[in-house]
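Below: upload13.json (JSON, C-alpha atoms)
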```json
[["chain", "number", "residue", "atom", "x", "y", "z"],
["A", 20, "MET", "CA", -249.27, 21.60, -42.27],
["A", 21, "LYS", "CA", -247.13, 23.83, -40.09],
["A", 22, "GLN", "CA", -245.55, 20.79, -38.44],
["A", 23, "VAL", "CA", -244.59, 19.34, -41.82],
["A", 24, "LYS", "CA", -242.84, 22.59, -42.79],
["A", 25, "VAL", "CA", -240.95, 22.63, -39.51],
["A", 26, "VAL", "CA", -239.88, 19.00, -39.92],
["A", 27, "LEU", "CA", -238.76, 19.53, -43.53],
["A", 28, "LEU", "CA", -236.85, 22.69, -42.60],
["A", 29, "SER", "CA", -235.18, 20.87, -39.70],
["A", 30, "ILE", "CA", -234.16, 18.01, -41.99],
["A", 31, "ALA", "CA", -232.76, 20.42, -44.59],
["A", 32, "ILE", "CA", -230.74, 22.30, -41.98],
["A", 33, "GLY", "CA", -229.50, 19.03, -40.46],
["A", 34, "VAL", "CA", -228.38, 17.71, -43.85],
["A", 35, "ALA", "CA", -226.58, 20.97, -44.66],
["A", 36, "ILE", "CA", -224.73, 21.01, -41.34],
["A", 37, "GLY", "CA", -223.94, 17.29, -41.62],
["A", 38, "MET", "CA", -222.48, 17.74, -45.08],
["A", 39, "TRP", "CA", -220.44, 20.74, -43.88],
["A", 40, "PHE", "CA", -218.90, 18.67, -41.09],
["A", 41, "GLY", "CA", -218.57, 15.55, -43.27],
["A", 42, "VAL", "CA", -216.62, 17.32, -46.00],
["A", 43, "ASN", "CA", -214.23, 18.79, -43.46],
["A", 44, "ILE", "CA", -213.74, 15.46, -41.72],
["A", 45, "GLY", "CA", -213.11, 13.79, -45.08],
["A", 46, "ARG", "CA", -210.44, 16.35, -45.90],
["A", 47, "GLU", "CA", -208.89, 15.93, -42.44],
["A", 48, "ARG", "CA", -209.57, 19.51, -41.39],
["A", 49, "PRO", "CA", -211.22, 20.92, -38.28],
["A", 50, "PHE", "CA", -214.97, 20.32, -38.63],
["A", 51, "TYR", "CA", -215.83, 24.00, -38.17],
["A", 52, "SER", "CA", -213.59, 25.29, -40.99],
["A", 53, "ASN", "CA", -214.84, 26.40, -44.41],
["A", 54, "PRO", "CA", -215.31, 23.34, -46.65],
["A", 55, "PHE", "CA", -215.10, 25.50, -49.79],
["A", 56, "ASP", "CA", -211.62, 26.77, -48.94],
["A", 57, "THR", "CA", -209.24, 25.01, -51.31],
["A", 58, "GLY", "CA", -206.05, 26.28, -49.69],
["A", 59, "SER", "CA", -203.39, 28.40, -51.26],
["A", 60, "LEU", "CA", -201.29, 27.32, -54.20],
["A", 61, "ASN", "CA", -198.12, 27.61, -52.09],
["A", 62, "GLN", "CA", -199.46, 25.10, -49.58],
["A", 63, "LYS", "CA", -200.33, 22.63, -52.33],
["A", 64, "ILE", "CA", -196.90, 22.98, -53.94],
["A", 65, "LYS", "CA", -195.14, 22.44, -50.61],
["A", 66, "LYS", "CA", -197.22, 19.35, -49.90],
["A", 67, "VAL", "CA", -196.65, 17.78, -53.32],
["A", 68, "SER", "CA", -192.92, 18.59, -53.35],
["A", 69, "GLY", "CA", -192.51, 17.14, -49.86],
["A", 70, "GLU", "CA", -194.26, 13.93, -50.86],
["A", 71, "THR", "CA", -192.17, 13.68, -54.03],
["A", 72, "LEU", "CA", -188.95, 14.20, -52.10],
["A", 73, "GLU", "CA", -189.92, 11.57, -49.58],
["A", 74, "LYS", "CA", -190.78, 9.02, -52.28],
["A", 75, "SER", "CA", -187.54, 9.67, -54.14],
["A", 76, "GLY", "CA", -185.58, 9.21, -50.93],
["A", 77, "GLN", "CA", -187.28, 5.87, -50.32],
["A", 78, "ALA", "CA", -186.51, 4.76, -53.89],
["A", 79, "LEU", "CA", -182.87, 5.77, -53.44],
["A", 80, "GLU", "CA", -182.66, 3.77, -50.22],
["A", 81, "LYS", "CA", -184.10, 0.70, -51.93],
["A", 82, "THR", "CA", -181.63, 1.03, -54.79],
["A", 83, "GLY", "CA", -178.71, 1.37, -52.38],
["A", 84, "GLN", "CA", -179.89, -1.65, -50.43],
["A", 85, "ALA", "CA", -180.18, -3.69, -53.63],
["A", 86, "LEU", "CA", -176.64, -2.69, -54.65],
["A", 87, "GLN", "CA", -175.27, -3.66, -51.25],
["A", 88, "ASP", "CA", -177.03, -7.01, -51.46],
["A", 89, "LYS", "CA", -175.55, -7.75, -54.89],
["A", 90, "LEU", "CA", -172.05, -6.66, -53.91],
["A", 91, "GLY", "CA", -172.19, -8.63, -50.69],
["A", 92, "LYS", "CA", -172.95, -11.94, -52.43]]
```

Can you dump the structure from the file as structure tokens?
Amino acid sequence: MKQVKVVLLSIAIGVAIGMWFGVNIGRERPFYSNPFDTGSLNQKIKKVSGETLEKSGQALEKTGQALQDKLGK
């Protein structure tokens, strides 16, 4: 009976540690960091605004390229 308790406890601890590392790897963070840390609001705003700026720049480049193609023909 004691061996069963030890095995079950070992499995529970292994699953907890595996999920800790798995969540961090899935979020592309260091595996030892806190998986419950959501990050600050400023960091999220900077990330979203940077992505938005990049996408708008790409759209502007495509529009400019399309205009050049039409004017060149």

Atomic separation - atom CA of A:Lys66 relative to atom CA of A:Glu80, Å
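Going from atom CA of A:Glu80 over to atom CA of A:Lys66 covers 21.3 Å.
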
Draw an axis-aligned box tight on the listed atoms of stretch 44-62 of chain A, then pad every side by 4 Å and write out centre and edge lengths in Å to one decimal as JSON.
```
{"center_x": -207.0, "center_y": 21.1, "center_z": -46.2, "size_x": 25.7, "size_y": 22.6, "size_z": 24.0}
```

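The two atoms in question, atom CA of A:Gly37 and atom CA of A:Asp56, are spaced 17.2 Å apart.
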
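The shortest atom-to-atom distance to A:Ala35, with all atoms listed in the file taken into account, belongs to A:Pro54 out of A:Leu86, A:Thr71, A:Pro54, A:Gly76.
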
One number please: atom CA of A:Gln77 to atom CA of A:Ile64, in Å, one decimal.
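Computing the Euclidean distance for atom CA of A:Gln77 and atom CA of A:Ile64 yields 20.0 Å.
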
Skipping near chain neighbours, those fewer than 4 positions away, what residues fall within 12 Å of A:Tyr51 using all atoms listed in the file, listed as a ChimeraX atom specification?
/A:36-44,47,55-56

Dump of C-alpha atoms for the selected residues, as a JSON list (two decimals), in the coordinates of the input:
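The result, written out as part_13.json:
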```json
[["chain", "number", "residue", "atom", "x", "y", "z"],
["A", 36, "ILE", "CA", -224.73, 21.01, -41.34],
["A", 37, "GLY", "CA", -223.94, 17.29, -41.62],
["A", 38, "MET", "CA", -222.48, 17.74, -45.08],
["A", 39, "TRP", "CA", -220.44, 20.74, -43.88],
["A", 40, "PHE", "CA", -218.90, 18.67, -41.09],
["A", 41, "GLY", "CA", -218.57, 15.55, -43.27],
["A", 42, "VAL", "CA", -216.62, 17.32, -46.00],
["A", 43, "ASN", "CA", -214.23, 18.79, -43.46],
["A", 44, "ILE", "CA", -213.74, 15.46, -41.72],
["A", 47, "GLU", "CA", -208.89, 15.93, -42.44],
["A", 55, "PHE", "CA", -215.10, 25.50, -49.79],
["A", 56, "ASP", "CA", -211.62, 26.77, -48.94]]
```

Please output stretch 69-84 of chain A, rebuilt to include N, CA and C atoms, as a PDB file, in the frame of the given file.
```pdb
ATOM      1  N   GLY A  69    -192.950  17.933 -51.013  1.00  0.00           N
ATOM      2  CA  GLY A  69    -192.510  17.140 -49.860  1.00  0.00           C
ATOM      3  C   GLY A  69    -192.766  15.664 -50.063  1.00  0.00           C
ATOM      4  N   GLU A  70    -193.943  15.341 -50.602  1.00  0.00           N
ATOM      5  CA  GLU A  70    -194.260  13.930 -50.860  1.00  0.00           C
ATOM      6  C   GLU A  70    -193.339  13.360 -51.918  1.00  0.00           C
ATOM      7  N   THR A  71    -193.048  14.139 -52.954  1.00  0.00           N
ATOM      8  CA  THR A  71    -192.170  13.680 -54.030  1.00  0.00           C
ATOM      9  C   THR A  71    -190.755  13.440 -53.496  1.00  0.00           C
ATOM     10  N   LEU A  72    -190.276  14.353 -52.678  1.00  0.00           N
ATOM     11  CA  LEU A  72    -188.950  14.200 -52.100  1.00  0.00           C
ATOM     12  C   LEU A  72    -188.874  12.964 -51.213  1.00  0.00           C
ATOM     13  N   GLU A  73    -189.908  12.732 -50.462  1.00  0.00           N
ATOM     14  CA  GLU A  73    -189.920  11.570 -49.580  1.00  0.00           C
ATOM     15  C   GLU A  73    -189.928  10.270 -50.395  1.00  0.00           C
ATOM     16  N   LYS A  74    -190.733  10.224 -51.451  1.00  0.00           N
ATOM     17  CA  LYS A  74    -190.780   9.020 -52.280  1.00  0.00           C
ATOM     18  C   LYS A  74    -189.461   8.780 -53.004  1.00  0.00           C
ATOM     19  N   SER A  75    -188.825   9.841 -53.455  1.00  0.00           N
ATOM     20  CA  SER A  75    -187.540   9.670 -54.140  1.00  0.00           C
ATOM     21  C   SER A  75    -186.472   9.200 -53.156  1.00  0.00           C
ATOM     22  N   GLY A  76    -186.525   9.671 -51.944  1.00  0.00           N
ATOM     23  CA  GLY A  76    -185.580   9.210 -50.930  1.00  0.00           C
ATOM     24  C   GLY A  76    -185.762   7.734 -50.627  1.00  0.00           C
ATOM     25  N   GLN A  77    -187.008   7.291 -50.565  1.00  0.00           N
ATOM     26  CA  GLN A  77    -187.280   5.870 -50.320  1.00  0.00           C
ATOM     27  C   GLN A  77    -186.774   5.023 -51.492  1.00  0.00           C
ATOM     28  N   ALA A  78    -186.982   5.502 -52.716  1.00  0.00           N
ATOM     29  CA  ALA A  78    -186.510   4.760 -53.890  1.00  0.00           C
ATOM     30  C   ALA A  78    -184.988   4.684 -53.894  1.00  0.00           C
ATOM     31  N   LEU A  79    -184.329   5.765 -53.506  1.00  0.00           N
ATOM     32  CA  LEU A  79    -182.870   5.770 -53.440  1.00  0.00           C
ATOM     33  C   LEU A  79    -182.364   4.785 -52.391  1.00  0.00           C
ATOM     34  N   GLU A  80    -183.047   4.717 -51.256  1.00  0.00           N
ATOM     35  CA  GLU A  80    -182.660   3.770 -50.220  1.00  0.00           C
ATOM     36  C   GLU A  80    -182.816   2.329 -50.699  1.00  0.00           C
ATOM     37  N   LYS A  81    -183.893   2.050 -51.414  1.00  0.00           N
ATOM     38  CA  LYS A  81    -184.100   0.700 -51.930  1.00  0.00           C
ATOM     39  C   LYS A  81    -183.023   0.331 -52.949  1.00  0.00           C
ATOM     40  N   THR A  82    -182.667   1.279 -53.797  1.00  0.00           N
ATOM     41  CA  THR A  82    -181.630   1.030 -54.790  1.00  0.00           C
ATOM     42  C   THR A  82    -180.289   0.769 -54.104  1.00  0.00           C
ATOM     43  N   GLY A  83    -179.955   1.569 -53.125  1.00  0.00           N
ATOM     44  CA  GLY A  83    -178.710   1.370 -52.380  1.00  0.00           C
ATOM     45  C   GLY A  83    -178.686   0.030 -51.667  1.00  0.00           C
ATOM     46  N   GLN A  84    -179.810  -0.365 -51.112  1.00  0.00           N
ATOM     47  CA  GLN A  84    -179.890  -1.650 -50.430  1.00  0.00           C
ATOM     48  C   GLN A  84    -179.716  -2.785 -51.429  1.00  0.00           C
TER      49      GLN A  84
END
```
